[in-house]
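Visitor: Below is query-v1.pdb; it holds PDB, C-alpha atoms, pLDDT in the B column.
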```pdb
ATOM      1  CA  MET A 169       0.000   0.000   0.000  1.00 65.00           C
ATOM      2  CA  SER A 170       1.403   3.369  -0.964  1.00 80.00           C
ATOM      3  CA  ALA A 171       1.929   6.190   1.528  1.00 82.00           C
ATOM      4  CA  THR A 172      -0.618   8.315  -0.349  1.00 92.00           C
ATOM      5  CA  HIS A 173      -3.243   5.581  -0.140  1.00 89.00           C
ATOM      6  CA  GLU A 174      -2.561   5.111   3.585  1.00 92.00           C
ATOM      7  CA  GLU A 175      -2.930   8.838   4.194  1.00 92.00           C
ATOM      8  CA  ARG A 176      -6.274   8.951   2.330  1.00 93.00           C
ATOM      9  CA  LEU A 177      -7.489   5.976   4.348  1.00 92.00           C
ATOM     10  CA  ARG A 178      -6.336   7.598   7.601  1.00 91.00           C
ATOM     11  CA  ARG A 179      -8.168  10.850   6.731  1.00 94.00           C
ATOM     12  CA  ARG A 180     -11.319   8.945   5.790  1.00 93.00           C
ATOM     13  CA  LEU A 181     -11.285   7.072   9.118  1.00 91.00           C
ATOM     14  CA  GLN A 182     -10.732  10.321  11.054  1.00 91.00           C
ATOM     15  CA  GLU A 183     -13.693  11.889   9.258  1.00 94.00           C
ATOM     16  CA  ARG A 184     -15.899   8.870  10.050  1.00 92.00           C
ATOM     17  CA  ARG A 185     -14.893   9.092  13.716  1.00 91.00           C
ATOM     18  CA  ARG A 186     -15.810  12.798  13.775  1.00 92.00           C
ATOM     19  CA  ILE A 187     -19.171  12.062  12.154  1.00 94.00           C
ATOM     20  CA  HIS A 188     -19.853   9.204  14.596  1.00 93.00           C
ATOM     21  CA  GLN A 189     -18.937  11.401  17.562  1.00 92.00           C
ATOM     22  CA  ARG A 190     -21.309  14.106  16.324  1.00 93.00           C
ATOM     23  CA  GLU A 191     -24.090  11.519  15.878  1.00 95.00           C
ATOM     24  CA  LEU A 192     -23.508  10.228  19.416  1.00 95.00           C
ATOM     25  CA  GLU A 193     -23.611  13.752  20.842  1.00 94.00           C
ATOM     26  CA  GLU A 194     -26.790  14.671  18.971  1.00 96.00           C
ATOM     27  CA  GLU A 195     -28.475  11.456  20.052  1.00 97.00           C
ATOM     28  CA  LEU A 196     -27.371  11.899  23.663  1.00 97.00           C
ATOM     29  CA  PHE A 197     -29.010  15.331  23.701  1.00 97.00           C
ATOM     30  CA  ARG A 198     -32.233  13.935  22.176  1.00 98.00           C
ATOM     31  CA  LEU A 199     -32.363  10.978  24.571  1.00 98.00           C
ATOM     32  CA  VAL A 200     -31.796  13.166  27.624  1.00 97.00           C
ATOM     33  CA  GLU A 201     -34.630  15.477  26.540  1.00 97.00           C
ATOM     34  CA  GLU A 202     -36.938  12.459  26.142  1.00 97.00           C
ATOM     35  CA  LEU A 203     -35.876  11.019  29.491  1.00 98.00           C
ATOM     36  CA  LYS A 204     -36.556  14.369  31.176  1.00 97.00           C
ATOM     37  CA  ALA A 205     -40.053  14.389  29.682  1.00 96.00           C
ATOM     38  CA  ILE A 206     -40.653  10.856  30.980  1.00 97.00           C
ATOM     39  CA  GLY A 207     -39.688  12.005  34.457  1.00 97.00           C
ATOM     40  CA  VAL A 208     -36.483  10.156  35.261  1.00 98.00           C
ATOM     41  CA  GLU A 209     -34.453  11.384  38.212  1.00 97.00           C
ATOM     42  CA  ARG A 210     -30.965  11.075  36.822  1.00 97.00           C
ATOM     43  CA  VAL A 211     -29.027  10.069  33.697  1.00 98.00           C
ATOM     44  CA  ILE A 212     -25.363   9.099  33.938  1.00 97.00           C
ATOM     45  CA  LEU A 213     -23.194   8.632  30.864  1.00 97.00           C
ATOM     46  CA  PHE A 214     -20.320   6.178  31.310  1.00 96.00           C
ATOM     47  CA  GLY A 215     -18.037   3.929  29.284  1.00 93.00           C
ATOM     48  CA  SER A 216     -15.799   4.681  26.324  1.00 89.00           C
ATOM     49  CA  VAL A 217     -17.526   7.968  25.516  1.00 91.00           C
ATOM     50  CA  VAL A 218     -16.757   9.386  28.970  1.00 91.00           C
ATOM     51  CA  ARG A 219     -13.175   8.115  28.737  1.00 89.00           C
ATOM     52  CA  ARG A 220     -12.912  10.039  25.436  1.00 87.00           C
ATOM     53  CA  ALA A 221     -12.000   6.792  23.670  1.00 84.00           C
ATOM     54  CA  ILE A 222     -14.643   7.148  20.979  1.00 88.00           C
ATOM     55  CA  GLY A 223     -14.158   4.787  18.076  1.00 86.00           C
ATOM     56  CA  LEU A 224     -16.292   3.787  15.122  1.00 89.00           C
ATOM     57  CA  THR A 225     -18.070   1.143  17.220  1.00 89.00           C
ATOM     58  CA  SER A 226     -18.631   3.254  20.348  1.00 91.00           C
ATOM     59  CA  ASP A 227     -22.102   3.369  21.808  1.00 94.00           C
ATOM     60  CA  LEU A 228     -23.841   5.389  24.505  1.00 97.00           C
ATOM     61  CA  ASP A 229     -23.843   3.674  27.898  1.00 96.00           C
ATOM     62  CA  LEU A 230     -26.542   5.256  30.060  1.00 98.00           C
ATOM     63  CA  LEU A 231     -27.356   4.527  33.671  1.00 98.00           C
ATOM     64  CA  VAL A 232     -30.894   5.809  34.219  1.00 98.00           C
ATOM     65  CA  ILE A 233     -32.366   6.251  37.690  1.00 98.00           C
ATOM     66  CA  TRP A 234     -36.148   6.289  37.556  1.00 98.00           C
ATOM     67  CA  ASP A 235     -38.660   5.953  40.359  1.00 97.00           C
ATOM     68  CA  THR A 236     -41.266   3.731  38.718  1.00 97.00           C
ATOM     69  CA  PRO A 237     -43.376   0.760  39.832  1.00 97.00           C
ATOM     70  CA  MET A 238     -42.444  -1.151  36.641  1.00 97.00           C
ATOM     71  CA  GLY A 239     -40.211  -4.175  36.982  1.00 97.00           C
ATOM     72  CA  PHE A 240     -36.634  -4.142  35.651  1.00 96.00           C
ATOM     73  CA  LEU A 241     -37.345  -5.773  32.269  1.00 97.00           C
ATOM     74  CA  GLU A 242     -40.621  -3.933  31.753  1.00 98.00           C
ATOM     75  CA  ARG A 243     -39.139  -0.465  32.373  1.00 98.00           C
ATOM     76  CA  THR A 244     -36.060  -1.200  30.278  1.00 98.00           C
ATOM     77  CA  ALA A 245     -38.181  -2.427  27.340  1.00 98.00           C
ATOM     78  CA  PHE A 246     -40.511   0.560  27.782  1.00 98.00           C
ATOM     79  CA  LEU A 247     -37.627   3.025  27.521  1.00 98.00           C
ATOM     80  CA  TYR A 248     -36.086   1.327  24.483  1.00 98.00           C
ATOM     81  CA  ARG A 249     -39.465   1.430  22.725  1.00 98.00           C
ATOM     82  CA  ARG A 250     -40.201   5.011  23.768  1.00 97.00           C
ATOM     83  CA  LEU A 251     -36.724   6.363  22.988  1.00 98.00           C
ATOM     84  CA  ASN A 252     -36.192   4.397  19.767  1.00 97.00           C
ATOM     85  CA  PRO A 253     -32.414   5.096  19.778  1.00 97.00           C
ATOM     86  CA  ARG A 254     -30.830   6.152  16.478  1.00 96.00           C
ATOM     87  CA  VAL A 255     -27.334   5.029  17.485  1.00 96.00           C
ATOM     88  CA  PRO A 256     -26.245   2.001  19.529  1.00 96.00           C
ATOM     89  CA  VAL A 257     -27.291   2.552  23.162  1.00 97.00           C
ATOM     90  CA  ASP A 258     -27.028   0.413  26.284  1.00 97.00           C
ATOM     91  CA  LEU A 259     -29.639   1.414  28.865  1.00 98.00           C
ATOM     92  CA  PHE A 260     -29.321   0.313  32.486  1.00 98.00           C
ATOM     93  CA  VAL A 261     -32.492   1.403  34.245  1.00 98.00           C
ATOM     94  CA  TYR A 262     -32.697   1.205  38.038  1.00 98.00           C
ATOM     95  CA  THR A 263     -34.944   2.645  40.717  1.00 98.00           C
ATOM     96  CA  PRO A 264     -33.357   4.816  43.430  1.00 97.00           C
ATOM     97  CA  GLU A 265     -33.791   1.937  45.904  1.00 97.00           C
ATOM     98  CA  GLU A 266     -32.050  -0.514  43.573  1.00 97.00           C
ATOM     99  CA  ILE A 267     -29.126   1.863  43.058  1.00 97.00           C
ATOM    100  CA  GLN A 268     -28.680   2.187  46.817  1.00 96.00           C
ATOM    101  CA  ARG A 269     -28.898  -1.571  47.268  1.00 97.00           C
ATOM    102  CA  LEU A 270     -26.536  -2.346  44.367  1.00 96.00           C
ATOM    103  CA  ALA A 271     -24.060   0.530  44.845  1.00 94.00           C
ATOM    104  CA  ASP A 272     -21.330  -1.818  46.083  1.00 95.00           C
ATOM    105  CA  ARG A 273     -21.557  -4.098  43.026  1.00 96.00           C
ATOM    106  CA  PRO A 274     -18.538  -3.632  40.721  1.00 97.00           C
ATOM    107  CA  PHE A 275     -20.543  -2.677  37.619  1.00 95.00           C
ATOM    108  CA  ILE A 276     -22.685  -0.065  39.380  1.00 96.00           C
ATOM    109  CA  ARG A 277     -19.775   1.223  41.457  1.00 95.00           C
ATOM    110  CA  ARG A 278     -17.678   1.746  38.312  1.00 94.00           C
ATOM    111  CA  ALA A 279     -20.509   3.411  36.369  1.00 96.00           C
ATOM    112  CA  LEU A 280     -21.147   5.788  39.273  1.00 95.00           C
ATOM    113  CA  ALA A 281     -17.442   6.499  39.815  1.00 95.00           C
ATOM    114  CA  GLU A 282     -16.408   7.086  36.202  1.00 94.00           C
ATOM    115  CA  GLY A 283     -19.707   8.365  34.877  1.00 96.00           C
ATOM    116  CA  GLU A 284     -20.786  11.912  34.185  1.00 96.00           C
ATOM    117  CA  THR A 285     -24.239  13.025  35.258  1.00 96.00           C
ATOM    118  CA  VAL A 286     -25.766  14.472  32.098  1.00 96.00           C
ATOM    119  CA  TYR A 287     -29.136  15.110  33.736  1.00 97.00           C
ATOM    120  CA  ALA A 288     -30.333  15.396  37.311  1.00 96.00           C
ATOM    121  CA  ALA A 289     -33.899  16.421  38.120  1.00 93.00           C
ATOM    122  CA  GLY A 290     -34.004  19.780  39.820  1.00 87.00           C
ATOM    123  CA  SER A 291     -30.708  21.040  38.438  1.00 81.00           C
ATOM    124  CA  GLU A 292     -30.336  23.008  35.267  1.00 65.00           C
ATOM    125  CA  GLY A 293     -27.149  22.625  33.292  1.00 56.00           C
ATOM    126  CA  GLY A 294     -25.928  23.413  29.834  1.00 50.00           C
ATOM    127  CA  GLY A 295     -26.958  20.003  28.551  1.00 55.00           C
ATOM    128  CA  PRO A 296     -24.921  16.941  27.732  1.00 57.00           C
ATOM    129  CA  SER A 297     -21.727  17.174  25.722  1.00 53.00           C
ATOM    130  CA  LEU A 298     -19.111  14.715  24.553  1.00 52.00           C
ATOM    131  CA  THR A 299     -16.411  17.325  24.023  1.00 48.00           C
TER     132      THR A 299
END
```
Rewrite the structure of this file - the entire thing - as structure tokens.

Guide:
Amino acid sequence: MSATHEERLRRRLQERRRIHQRELEEELFRLVEELKAIGVERVILFGSVVRRAIGLTSDLDLLVIWDTPMGFLERTAFLYRRLNPRVPVDLFVYTPEEIQRLADRPFIRRALAEGETVYAAGSEGGGPSLT
């Protein structure tokens, strides 16, 4: 492969990464607005996006805290249907009581420790951003 071909390929991949990052950011904003309207208490973004390690296969990992009587599977399915994500998204939907009970579990502990709160009911911010 020639150096010129490699450079064109490198530029094309960089452009695709920029486009994917922009799509993730736009979708994060849309999802947070929808989640606010539904009445969730908190949305925490975690994973590769928060670590600024966004690649072509990166998705949005969202920990959603929602006080609802729905069971775990029911509320998760409800949110996926209602949100209809336009990019790959992993939703982890817990009630406040479940978060307290599970806070010492490695997965939850890591998401809470490394995550960025992109929405918290009762606080107004500038909105979510990946940059």

Visitor: Using the chain letters and numbers from the file, give me the residues hit by the PyMOL selection byres ((chain A and resi 233) around 9), as a list in words.

Guide: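 That selection, the PyMOL selection byres ((chain A and resi 233) around 9), comes back as Val208, Glu209, Arg210, Val211, Ile212, Leu231, Val232, Trp234, Asp235, Phe260, Val261, Tyr262, Thr263, Pro264, Glu266 and Ile267 of chain A.
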
Visitor: For range 223-226 of chain A, please output as an mmCIF file with C-alpha atoms, in the coordinates of the input all residues within 8 Å (counting all atoms listed in the file; exclusion window: fewer than 5 positions along the same chain).

Guide:
```cif
data_model
loop_
_atom_site.group_PDB
_atom_site.id
_atom_site.type_symbol
_atom_site.label_atom_id
_atom_site.label_comp_id
_atom_site.auth_asym_id
_atom_site.auth_seq_id
_atom_site.Cartn_x
_atom_site.Cartn_y
_atom_site.Cartn_z
ATOM 1 C CA ARG A 184 -15.899 8.870 10.050
ATOM 2 C CA ARG A 185 -14.893 9.092 13.716
ATOM 3 C CA HIS A 188 -19.853 9.204 14.596
ATOM 4 C CA SER A 216 -15.799 4.681 26.324
ATOM 5 C CA VAL A 217 -17.526 7.968 25.516
ATOM 6 C CA PRO A 256 -26.245 2.001 19.529
#
```

Visitor: From the set A:Gln189, A:Ser170, A:Thr236, A:Asn252, which residue has the shortest atom-to-atom contact distance to Val218 in chain A, counting only C-alpha atoms?

Guide: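 Checking each candidate against Val218 in chain A, we get A:Gln189 as the closest.
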
Visitor: Please determine an axis-aligned box that encloses all atoms of range 270-279 of chain A listed in the file, with 3 Å added on each side, and express its centre and edge lengths in Å to one decimal as JSON.

Guide:
```
{"center_x": -22.1, "center_y": -0.3, "center_z": 41.2, "size_x": 14.9, "size_y": 13.5, "size_z": 15.7}
```

Visitor: What gap, in Å, lies between CA of Leu280 in chain A and CA of Arg220 in chain A?

Guide: 16.7 Å

Visitor: Suppose a student applies the PyMOL selection byres ((chain A and resi 195) around 10) to this structure; what residues should they get, written as a CSV table (one decimal) with C-alpha atoms, in the coordinates of the input?

Guide:
```
chain,number,residue,atom,x,y,z
A,189,GLN,CA,-18.9,11.4,17.6
A,190,ARG,CA,-21.3,14.1,16.3
A,191,GLU,CA,-24.1,11.5,15.9
A,192,LEU,CA,-23.5,10.2,19.4
A,193,GLU,CA,-23.6,13.8,20.8
A,194,GLU,CA,-26.8,14.7,19.0
A,196,LEU,CA,-27.4,11.9,23.7
A,197,PHE,CA,-29.0,15.3,23.7
A,198,ARG,CA,-32.2,13.9,22.2
A,199,LEU,CA,-32.4,11.0,24.6
A,200,VAL,CA,-31.8,13.2,27.6
A,201,GLU,CA,-34.6,15.5,26.5
A,228,LEU,CA,-23.8,5.4,24.5
A,253,PRO,CA,-32.4,5.1,19.8
A,254,ARG,CA,-30.8,6.2,16.5
A,255,VAL,CA,-27.3,5.0,17.5
A,256,PRO,CA,-26.2,2.0,19.5
A,257,VAL,CA,-27.3,2.6,23.2
```

Visitor: Between A:Ala171, A:Ala289, A:Ala245, A:Leu270, which residue has the minimum interatomic distance to Leu203 in chain A, considering all atoms listed in the file?

Guide: A:Ala289

Visitor: With distances taken over only C-alpha atoms, which of A:Ile222, A:Ile187, A:Ala205, A:Leu181 is nearest to Leu251 in chain A?

Guide: A:Ala205

Visitor: Could you jot down the CA of Asp258 in chain A to CA of Asp227 in chain A separation for me, Å, one decimal place?

Guide: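 Between CA of Asp258 in chain A and CA of Asp227 in chain A the gap works out to 7.3 Å.
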
Visitor: For CA of Lys204 in chain A and CA of Tyr287 in chain A, quote the distance in Å rounded to one decimal.

Guide: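 For CA of Lys204 in chain A relative to CA of Tyr287 in chain A, the distance reads 7.9 Å.
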
Visitor: Check the smallest atom-to-atom distance from each of A:Arg176, A:Arg250, A:Arg219, A:Arg269 to Glu202 in chain A using only C-alpha atoms, then report the winner.

Guide: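 Closest candidate: A:Arg250.
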
Visitor: May I ask which of the residues A:Gln182, A:Ser291, A:Asp272, A:Leu230 is the closest one to Phe214 in chain A, counting all atoms listed in the file?

Guide: A:Leu230
